[in-house]
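Chemist: Coordinates in coords.txt, compact mmCIF, C-alpha atoms, are listed below.
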# COMPACT_ATOMS: atom_id res chain seq x y z
CA MET A 292 96.64 42.95 -8.42
CA ALA A 293 93.52 44.62 -9.80
CA SER A 294 93.76 48.27 -10.83
CA PRO A 295 91.92 50.87 -8.63
CA MET A 296 90.19 52.21 -11.70
CA SER A 297 88.58 48.85 -12.30
CA TRP A 298 87.18 48.93 -8.76
CA ILE A 299 85.78 52.43 -9.31
CA ARG A 300 84.23 51.38 -12.60
CA LYS A 301 82.68 48.36 -10.85
CA TYR A 302 81.00 50.42 -8.08
CA GLN A 303 80.52 53.77 -9.88
CA LYS A 304 76.72 53.66 -9.77
CA GLY A 305 76.61 53.18 -6.03
CA MET A 306 79.22 55.89 -5.51
CA LEU A 307 77.17 58.36 -7.59
CA VAL A 308 74.13 57.66 -5.46
CA VAL A 309 76.11 58.23 -2.25
CA PHE A 310 77.62 61.48 -3.52
CA GLY A 311 74.20 62.70 -4.63
CA VAL A 312 72.69 62.07 -1.20
CA LEU A 313 75.61 63.83 0.47
CA LEU A 314 75.16 66.89 -1.74
CA MET A 315 71.46 67.07 -0.92
CA ILE A 316 72.23 66.94 2.78
CA VAL A 317 74.85 69.70 2.45
CA PHE A 318 72.38 72.06 0.74
CA LEU A 319 69.24 71.27 2.74
CA VAL A 320 70.48 71.01 6.31
CA PRO A 321 71.29 74.76 6.64
CA GLN A 322 67.82 75.61 5.31
CA PHE A 323 66.13 73.37 7.88
CA GLY A 324 68.19 75.05 10.55
CA ASN A 325 66.67 78.45 9.68
CA VAL A 326 63.09 77.24 10.05
CA GLY A 327 61.34 79.24 12.78
CA GLN A 328 63.87 82.05 12.62
CA GLU A 329 62.66 85.50 11.50
CA GLY A 330 64.31 87.07 8.51
CA PRO A 331 65.76 90.55 8.50
CA LYS A 332 63.09 93.11 9.36
CA ARG A 333 62.40 95.97 6.99
CA GLU A 334 62.83 99.35 8.62
CA ASN A 335 59.56 101.22 8.99
CA PRO A 336 60.26 104.30 11.10
CA VAL A 337 57.69 106.87 12.19
CA ILE A 338 58.40 109.95 10.09
CA VAL A 339 55.47 112.22 10.99
CA LYS A 340 53.89 112.90 14.37
CA TRP A 341 51.08 115.22 15.36
CA ASP A 342 48.72 115.63 18.27
CA GLY A 343 46.67 112.47 18.27
CA GLY A 344 48.42 110.48 15.54
CA SER A 345 51.50 109.51 13.57
CA MET A 346 52.49 108.10 10.19
CA THR A 347 55.18 105.60 9.27
CA ARG A 348 57.22 105.37 6.10
CA ALA A 349 55.09 102.48 4.86
CA ASP A 350 51.87 104.43 5.53
CA LEU A 351 53.13 107.38 3.52
CA ASP A 352 54.30 105.19 0.65
CA SER A 353 50.90 103.50 0.53
CA LEU A 354 49.21 106.91 0.51
CA ARG A 355 51.42 107.99 -2.38
CA ILE A 356 50.55 104.92 -4.43
CA ARG A 357 46.80 105.34 -3.85
CA HIS A 358 46.97 109.03 -4.78
CA PHE A 359 48.62 108.53 -8.16
CA GLN A 360 46.60 105.39 -8.91
CA THR A 361 43.39 107.36 -8.25
CA LEU A 362 44.46 110.08 -10.67
CA ASP A 363 45.16 107.40 -13.28
CA PHE A 364 41.68 105.98 -12.66
CA LEU A 365 40.02 109.36 -13.22
CA ASP A 366 41.98 109.80 -16.46
CA GLY A 367 40.82 106.32 -17.48
CA VAL A 368 37.20 107.27 -16.76
CA ARG A 369 37.46 110.28 -19.08
CA ARG A 370 39.04 108.22 -21.86
CA PHE A 371 36.49 105.41 -21.50
CA ALA A 372 33.59 107.90 -21.56
CA SER A 373 35.02 109.58 -24.67
CA GLU A 374 35.32 106.24 -26.47
CA LYS A 375 31.79 105.27 -25.45
CA LYS A 376 30.32 108.56 -26.67
CA GLY A 377 32.48 108.77 -29.77
CA GLU A 378 33.65 112.31 -29.04
CA PRO A 379 35.57 114.11 -26.28
CA VAL A 380 33.80 114.58 -22.97
CA PHE A 381 34.39 117.40 -20.53
CA PRO A 382 34.32 116.72 -16.77
CA MET A 383 31.76 118.78 -14.89
CA VAL A 384 33.71 118.83 -11.59
CA GLN A 385 36.84 120.50 -10.30
CA PRO A 386 39.74 118.10 -11.00
CA ILE A 387 41.90 116.81 -8.16
CA PRO A 388 45.36 118.37 -8.56
CA PRO A 389 48.37 116.04 -8.31
CA VAL A 390 50.78 116.48 -5.43
CA ALA A 391 53.87 118.65 -5.96
CA GLY A 392 51.91 120.68 -8.51
CA GLY A 393 52.17 118.00 -11.19
CA SER A 394 55.88 118.68 -11.74
CA SER A 395 57.59 116.36 -14.23
CA ASN A 396 60.53 115.88 -11.84
CA PRO A 397 59.11 116.48 -8.37
CA ASP A 398 61.20 116.37 -5.24
CA SER A 399 60.45 113.38 -2.99
CA ASP A 400 60.30 115.54 0.13
CA GLN A 401 57.85 117.91 -1.56
CA ILE A 402 55.58 114.99 -2.45
CA ASP A 403 55.71 113.73 1.13
CA ASN A 404 54.87 117.19 2.50
CA ASP A 405 51.89 117.58 0.16
CA LEU A 406 50.57 114.10 0.99
CA VAL A 407 50.82 114.71 4.73
CA SER A 408 49.16 118.13 4.35
CA ARG A 409 46.23 116.58 2.47
CA TYR A 410 45.85 113.79 4.99
CA LEU A 411 45.86 116.22 7.94
CA ALA A 412 43.40 118.54 6.19
CA ALA A 413 41.06 115.60 5.60
CA GLU A 414 41.33 114.61 9.27
CA GLN A 415 40.63 118.20 10.32
CA ALA A 416 37.61 118.27 8.02
CA LYS A 417 36.32 115.10 9.65
CA GLN A 418 36.64 116.69 13.10
CA ALA A 419 34.90 119.85 11.86
CA GLY A 420 31.87 117.80 10.78
CA PHE A 421 32.52 117.35 7.06
CA GLU A 422 31.06 114.07 5.88
CA ILE A 423 32.07 112.77 2.46
CA GLY A 424 29.60 109.95 1.92
CA PRO A 425 29.46 107.31 -0.83
CA VAL A 426 26.83 109.32 -2.73
CA MET A 427 29.18 112.30 -3.08
CA VAL A 428 32.04 110.04 -4.20
CA ASN A 429 29.87 108.29 -6.80
CA ASP A 430 28.54 111.64 -8.03
CA TYR A 431 32.11 112.91 -8.46
CA ILE A 432 33.04 109.87 -10.54
CA ALA A 433 29.86 110.22 -12.62
CA LEU A 434 30.47 113.92 -13.28
CA THR A 435 34.07 113.17 -14.24
CA ALA A 436 32.63 111.20 -17.17
CA GLY A 437 30.68 114.28 -18.29
CA ASP A 438 27.23 113.40 -19.59
CA VAL A 439 28.10 109.73 -20.20
CA SER A 440 26.56 107.22 -17.78
CA LEU A 441 28.89 104.42 -16.62
CA SER A 442 27.83 101.35 -14.65
CA ASP A 443 29.78 99.79 -11.78
CA ASP A 444 30.89 96.95 -14.05
CA GLU A 445 32.31 99.46 -16.53
CA LEU A 446 34.05 101.33 -13.70
CA ARG A 447 35.66 98.08 -12.55
CA VAL A 448 36.91 97.49 -16.08
CA VAL A 449 38.37 101.00 -16.14
CA CYS A 450 39.98 100.43 -12.74
CA SER A 451 41.63 97.19 -13.84
CA GLN A 452 42.90 98.74 -17.09
CA SER A 453 44.17 102.07 -15.76
CA THR A 454 45.57 101.10 -12.33
CA ASN A 455 48.03 98.54 -11.06
CA GLY A 456 46.52 96.27 -8.43
CA ILE A 457 44.20 98.78 -6.73
CA SER A 458 40.49 97.99 -6.37
CA LEU A 459 37.52 100.24 -7.07
CA ASP A 460 36.72 100.37 -3.33
CA GLN A 461 40.25 101.59 -2.60
CA VAL A 462 39.85 104.27 -5.26
CA ARG A 463 36.63 105.43 -3.61
CA ASP A 464 38.32 105.53 -0.19
CA GLN A 465 41.12 107.68 -1.61
CA LEU A 466 38.59 109.94 -3.33
CA ARG A 467 36.87 110.41 0.02
CA LEU A 468 40.17 111.74 1.42
CA GLU A 469 40.88 113.93 -1.61
CA LEU A 470 37.39 115.47 -1.60
CA ALA A 471 37.54 116.14 2.14
CA ASN A 472 40.84 117.97 1.64
CA GLN A 473 39.36 119.89 -1.29
CA GLN A 474 36.24 120.97 0.61
CA PHE A 475 38.23 121.91 3.70
CA GLY A 476 40.55 124.05 1.57
CA ILE A 477 37.59 125.88 0.02
CA MET A 478 36.09 126.58 3.43
CA SER A 479 39.33 127.65 5.14
CA SER A 480 40.44 129.91 2.27
CA ALA A 481 37.11 131.72 1.88
CA GLY A 482 37.75 135.46 1.94
CA LEU A 483 41.54 135.11 1.70
CA VAL A 484 43.55 136.13 -1.34
CA ALA A 485 45.82 133.11 -0.90
CA SER A 486 46.16 130.49 1.81
CA PRO A 487 49.48 131.01 3.65
CA ASN A 488 51.74 128.10 4.41
CA ALA A 489 52.76 127.22 7.96
CA THR A 490 55.75 129.59 8.04
CA GLU A 491 53.79 132.55 6.64
CA ALA A 492 50.91 131.86 9.01
CA ALA A 493 53.29 131.94 12.00
CA MET A 494 54.83 135.22 10.82
CA LEU A 495 51.40 136.80 10.28
CA TYR A 496 50.24 135.66 13.70
CA LYS A 497 53.38 137.09 15.32
CA ARG A 498 52.94 140.37 13.46
CA THR A 499 49.32 140.79 14.54
CA THR A 500 49.87 139.78 18.16
CA LYS A 501 53.14 141.61 18.84
CA THR A 502 52.65 144.60 21.15
CA ALA A 503 54.89 147.53 22.04
CA GLU A 504 54.56 150.40 24.49
CA CYS A 505 55.17 153.79 22.87
CA VAL A 506 55.20 157.37 24.13
CA VAL A 507 54.42 160.05 21.55
CA LEU A 508 55.89 163.51 22.20
CA PRO A 509 54.15 166.34 20.37
CA ILE A 510 56.41 168.85 18.60
CA SER A 511 55.04 172.20 17.54
CA VAL A 512 56.50 173.69 14.34
CA LYS A 513 55.67 177.20 15.47
CA ASP A 514 57.92 176.80 18.48
CA GLN A 515 60.81 175.88 16.19
CA LEU A 516 60.36 178.89 13.92
CA THR A 517 61.44 181.25 16.69
CA LYS A 518 64.84 179.53 16.72
CA VAL A 519 65.51 180.35 13.07
CA SER A 520 67.85 183.36 12.95
CA VAL A 521 69.02 183.27 9.32
CA THR A 522 66.81 183.51 6.28
CA PRO A 523 67.84 180.92 3.65
CA LYS A 524 68.73 182.03 0.13
CA ASP A 525 66.66 181.06 -2.90
CA SER A 526 69.51 178.89 -4.19
CA GLU A 527 69.59 176.99 -0.89
CA LEU A 528 65.82 176.46 -0.97
CA ARG A 529 66.09 175.24 -4.56
CA GLU A 530 68.84 172.78 -3.61
CA LEU A 531 66.79 171.50 -0.67
CA TYR A 532 63.76 171.08 -2.93
CA GLU A 533 65.75 169.12 -5.49
CA GLN A 534 66.85 166.70 -2.77
CA GLY A 535 63.31 165.82 -1.78
CA ARG A 536 61.21 166.48 -4.89
CA PHE A 537 60.83 162.73 -5.59
CA HIS A 538 60.33 161.61 -1.98
CA LEU A 539 57.06 161.47 -0.07
CA PRO A 540 57.06 163.33 3.22
CA SER A 541 57.64 161.02 6.15
CA PRO A 542 58.38 161.80 9.81
CA GLY A 543 60.75 158.84 10.04
CA PHE A 544 62.80 159.90 7.03
CA GLU A 545 65.73 162.23 7.66
CA LYS A 546 65.81 163.64 4.12
CA PRO A 547 63.13 166.13 3.09
CA GLY A 548 60.15 165.00 1.04
CA PHE A 549 58.07 167.31 -1.12
CA LYS A 550 56.28 164.86 -3.44
CA SER A 551 52.52 165.00 -3.21
CA PRO A 552 50.89 161.67 -2.28
CA ARG A 553 48.78 159.95 -4.93
CA ARG A 554 45.17 160.97 -4.83
CA VAL A 555 42.23 158.94 -6.01
CA ALA A 556 39.09 160.42 -7.57
CA VAL A 557 36.09 158.28 -6.66
CA GLN A 558 32.73 158.37 -8.40
CA TYR A 559 29.78 156.08 -7.91
CA VAL A 560 26.28 155.64 -9.23
CA TYR A 561 23.32 154.69 -7.08
CA ALA A 562 20.24 153.12 -8.61
CA ASP A 563 16.94 152.40 -6.87
CA PHE A 564 15.39 149.34 -8.50
CA GLU A 565 11.91 149.99 -7.11
CA ASN A 566 11.76 153.51 -8.53
CA PHE A 567 13.11 152.27 -11.85
CA LEU A 568 10.47 149.56 -12.01
CA THR A 569 7.68 151.97 -11.10
CA ASN A 570 8.75 154.45 -13.76
CA GLU A 571 8.95 151.77 -16.44
CA MET A 572 5.53 150.37 -15.51
CA ALA A 573 4.02 153.85 -15.80
CA LYS A 574 5.13 153.98 -19.44
CA LEU A 575 3.02 150.94 -20.37
CA THR A 576 -0.59 151.18 -21.46
CA ASP A 577 -3.32 148.67 -20.69
CA GLU A 578 -3.50 147.72 -24.37
CA GLU A 579 0.22 146.88 -24.46
CA VAL A 580 -0.08 144.79 -21.31
CA GLN A 581 -3.12 142.93 -22.70
CA LYS A 582 -1.33 142.29 -26.00
CA GLU A 583 1.76 140.92 -24.27
CA TYR A 584 -0.38 138.76 -22.01
CA GLU A 585 -2.23 137.25 -24.98
CA ARG A 586 1.07 136.56 -26.71
CA LEU A 587 2.40 134.68 -23.67
CA VAL A 588 -0.85 132.71 -23.35
CA ALA A 589 -0.65 131.71 -27.02
CA ALA A 590 2.94 130.61 -26.50
CA LYS A 591 1.88 128.68 -23.34
CA ASP A 592 4.46 130.51 -21.30
CA PRO A 593 4.50 129.09 -17.72
CA SER A 594 4.69 132.59 -16.23
CA VAL A 595 1.06 133.24 -17.16
CA MET A 596 -0.45 129.75 -17.36
CA GLU A 597 -2.55 128.52 -14.44
CA LEU A 598 -3.74 125.06 -13.54
CA ASP A 599 -7.46 124.43 -13.95
CA GLU A 600 -9.20 123.82 -10.63
CA PRO A 601 -10.88 120.39 -10.50
CA GLU A 602 -14.65 120.33 -10.51
CA THR A 603 -16.29 119.53 -7.20
CA GLY A 604 -19.52 117.69 -6.54
CA PRO A 605 -20.87 114.66 -4.69
CA GLU A 606 -19.43 112.29 -7.29
CA LEU A 607 -15.97 113.97 -7.41
CA THR A 608 -15.58 114.79 -3.76
CA GLY A 609 -16.71 111.40 -2.52
CA GLU A 610 -19.76 112.75 -0.70
CA SER A 611 -22.82 110.53 -0.53
CA PRO A 612 -26.17 111.88 -1.79
CA GLU A 613 -27.44 111.92 1.78
CA ASN A 614 -24.67 114.37 2.74
CA ALA A 615 -25.16 116.53 -0.35
CA PRO A 616 -26.15 120.13 0.43
CA GLU A 617 -29.86 120.90 0.36
CA THR A 618 -31.23 122.82 -2.60
CA THR A 619 -33.11 125.97 -1.80
CA PRO A 620 -36.52 126.57 -3.41
CA GLU A 621 -35.07 129.44 -5.43
CA THR A 622 -32.44 127.22 -7.05
CA ALA A 623 -34.35 123.93 -7.09
CA PRO A 624 -35.09 122.61 -10.60
CA PRO A 625 -38.77 122.36 -11.54
CA ALA A 626 -40.39 119.05 -10.71
CA VAL A 627 -41.27 116.88 -13.66
CA PRO A 628 -44.92 115.71 -13.35
CA GLU A 629 -45.52 112.02 -13.50
CA THR A 630 -47.68 110.93 -16.43
CA THR A 631 -49.88 107.82 -16.41
CA GLY A 632 -51.94 107.34 -19.49
CA GLY A 633 -53.75 110.63 -20.00
CA GLU A 634 -53.49 111.69 -16.32
CA THR A 635 -50.91 113.92 -14.84
CA THR A 636 -50.61 114.03 -11.04
CA GLY A 637 -49.45 117.15 -9.27
CA GLY A 638 -51.81 119.09 -11.47
CA GLU A 639 -54.40 116.51 -12.58
CA THR A 640 -55.30 116.48 -16.24
CA THR A 641 -58.31 114.67 -17.57
CA GLY A 642 -59.07 115.50 -21.11
CA GLY A 643 -58.62 119.26 -21.15
CA GLU A 644 -59.11 119.87 -17.40
CA THR A 645 -56.32 120.52 -14.96
CA THR A 646 -56.96 120.84 -11.27
CA GLY A 647 -54.57 122.83 -9.06
CA GLY A 648 -54.45 125.41 -11.78
CA GLU A 649 -57.77 124.60 -13.41
CA THR A 650 -57.92 124.66 -17.16
CA THR A 651 -61.08 124.11 -19.15
CA GLY A 652 -60.56 124.39 -22.84
CA GLY A 653 -58.25 127.35 -23.13
CA GLU A 654 -59.36 129.02 -19.84
CA THR A 655 -57.23 128.89 -16.73
CA THR A 656 -58.45 129.83 -13.29
CA GLY A 657 -56.38 130.34 -10.21
CA GLY A 658 -55.27 127.20 -8.53
CA GLU A 659 -57.17 125.99 -5.54
Do you think you could lay out the structure here as structure tokens?
Modeler:
Amino acid sequence: MASPMSWIRKYQKGMLVVFGVLLMIVFLVPQFGNVGQEGPKRENPVIVKWDGGSMTRADLDSLRIRHFQTLDFLDGVRRFASEKKGEPVFPMVQPIPPVAGGSSNPDSDQIDNDLVSRYLAAEQAKQAGFEIGPVMVNDYIALTAGDVSLSDDELRVVCSQSTNGISLDQVRDQLRLELANQQFGIMSSAGLVASPNATEAAMLYKRTTKTAECVVLPISVKDQLTKVSVTPKDSELRELYEQGRFHLPSPGFEKPGFKSPRRVAVQYVYADFENFLTNEMAKLTDEEVQKEYERLVAAKDPSVMELDEPETGPELTGESPENAPETTPETAPPAVPETTGGETTGGETTGGETTGGETTGGETTGGE
């Protein structure tokens, strides 16, 4: 009888093919069974709500990425401009501060709060009529580079080198939000020492709107003096004074107070500019004024230079000779007599005679 091993050796190639097909089926059939089925969904809860809007976790994460990528882009612009100029450049705009105050180890919740605050401030600015257009965004980028001019192609190179997968258009969109928040903060904090946060604002509002009904009862000191029957000793007065020598007097304070309140000495100076100018002008002489004027004219100072008025005339003003103003006899130039041969018409001349004003030889008679 043949050995089983000889049979296996005889058909081993076919058996390997069969086992290979079976293994492929085992691994692929479960995968085909999952086709059309959705994978596990990533949680994206709404974490912020306000009147008229909300923000999910993914929205806030995207806002965080764009914020820090935009700051990296602006740093890249400054470095690129410095390399192009060959020396450090200084931005001519107010920089955009990073969220959480630029802390090296910021708290995640603090970053989220700052991002939401900036987004809401930008939305409020939009509702108030603030419009951050593309010109303002481009001007901000240009001024970030100082006095170095950068083209759009160079800005795209900077964006690709300094950011990770964010486009130049996305940077400009984020800058529009950051600038709206910046402008809204300047407007809302005008006249305030410091902008209060939400908790401080609520406390200040409650303090200024809280009301109380009070009844004030007048007390006359003279009426109380009649009730004093014993005159205090000097030692008792001294002891009472020592108790309140460092305390300001206050009706709501039970202990006595004899310290004088701080007093302020105020002085001020008032100056009338018109009188000052009049007095100073009176000290100048005409010669000094003329000398200063000639010096400014020689220096071609624009404060004293005037533009020459263009000459006017028929040729310069476009008027035709027919429309030119008539010349009066007093201002008319003398007519030039026409000469033909030896004769002159207007006053005829023949030889030595002139008719009109008649001349014979050297004698002239009145004209006929």
Chemist: In Å, with one decimal, what is the gap from atom CA of A:Asp400 to atom CA of A:Gly343?
Modeler: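 Atom CA of A:Asp400 sits 22.9 Å away from atom CA of A:Gly343.
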Chemist: So, counting all atoms listed in the file, which residue among A:Gly424, A:Pro389, A:Gly367, A:Gly476 is closest to A:Val448?
Modeler: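 Among the listed residues, A:Gly367 lies closest to A:Val448.
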Chemist: For atom CA of A:Glu530 and atom CA of A:Pro547, quote the distance in Å rounded to one decimal.
Modeler: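 Pair atom CA of A:Glu530 / atom CA of A:Pro547 returns 11.0 Å.
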Chemist: Rounded to one decimal place, report the atom CA of A:Gly535-atom CA of A:Val521 distance in Å.
Modeler: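 About the pair atom CA of A:Gly535 and atom CA of A:Val521: they are 21.5 Å apart.
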Chemist: Between A:Arg553, A:Ala471, A:Met596, A:Leu411, which one has atoms that come closest to A:Gly344, using all atoms listed in the file?
Modeler: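 Answer, going by the shortest atom-to-atom distance: A:Leu411.
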Chemist: Which residues are close to A:Tyr410, i.e. within 12 Å by all atoms listed in the file, leaving aside same-chain residues fewer than 5 positions away? Reply as a PyMOL selection string.
Modeler: chain A and resi 339+341+344-346+350-351+354-355+358+390+403-405+415-417+465-473+475
Chemist: Would you save the residues from that selection as a PDB file, in the frame of the given file, using C-alpha atoms?
Modeler:
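Written output follows (part_4.pdb):
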ATOM      1  CA  VAL A 339      55.470 112.220  10.990  1.00  0.00           C
ATOM      2  CA  TRP A 341      51.080 115.220  15.360  1.00  0.00           C
ATOM      3  CA  GLY A 344      48.420 110.480  15.540  1.00  0.00           C
ATOM      4  CA  SER A 345      51.500 109.510  13.570  1.00  0.00           C
ATOM      5  CA  MET A 346      52.490 108.100  10.190  1.00  0.00           C
ATOM      6  CA  ASP A 350      51.870 104.430   5.530  1.00  0.00           C
ATOM      7  CA  LEU A 351      53.130 107.380   3.520  1.00  0.00           C
ATOM      8  CA  LEU A 354      49.210 106.910   0.510  1.00  0.00           C
ATOM      9  CA  ARG A 355      51.420 107.990  -2.380  1.00  0.00           C
ATOM     10  CA  HIS A 358      46.970 109.030  -4.780  1.00  0.00           C
ATOM     11  CA  VAL A 390      50.780 116.480  -5.430  1.00  0.00           C
ATOM     12  CA  ASP A 403      55.710 113.730   1.130  1.00  0.00           C
ATOM     13  CA  ASN A 404      54.870 117.190   2.500  1.00  0.00           C
ATOM     14  CA  ASP A 405      51.890 117.580   0.160  1.00  0.00           C
ATOM     15  CA  GLN A 415      40.630 118.200  10.320  1.00  0.00           C
ATOM     16  CA  ALA A 416      37.610 118.270   8.020  1.00  0.00           C
ATOM     17  CA  LYS A 417      36.320 115.100   9.650  1.00  0.00           C
ATOM     18  CA  GLN A 465      41.120 107.680  -1.610  1.00  0.00           C
ATOM     19  CA  LEU A 466      38.590 109.940  -3.330  1.00  0.00           C
ATOM     20  CA  ARG A 467      36.870 110.410   0.020  1.00  0.00           C
ATOM     21  CA  LEU A 468      40.170 111.740   1.420  1.00  0.00           C
ATOM     22  CA  GLU A 469      40.880 113.930  -1.610  1.00  0.00           C
ATOM     23  CA  LEU A 470      37.390 115.470  -1.600  1.00  0.00           C
ATOM     24  CA  ALA A 471      37.540 116.140   2.140  1.00  0.00           C
ATOM     25  CA  ASN A 472      40.840 117.970   1.640  1.00  0.00           C
ATOM     26  CA  GLN A 473      39.360 119.890  -1.290  1.00  0.00           C
ATOM     27  CA  PHE A 475      38.230 121.910   3.700  1.00  0.00           C
TER      28      PHE A 475
END
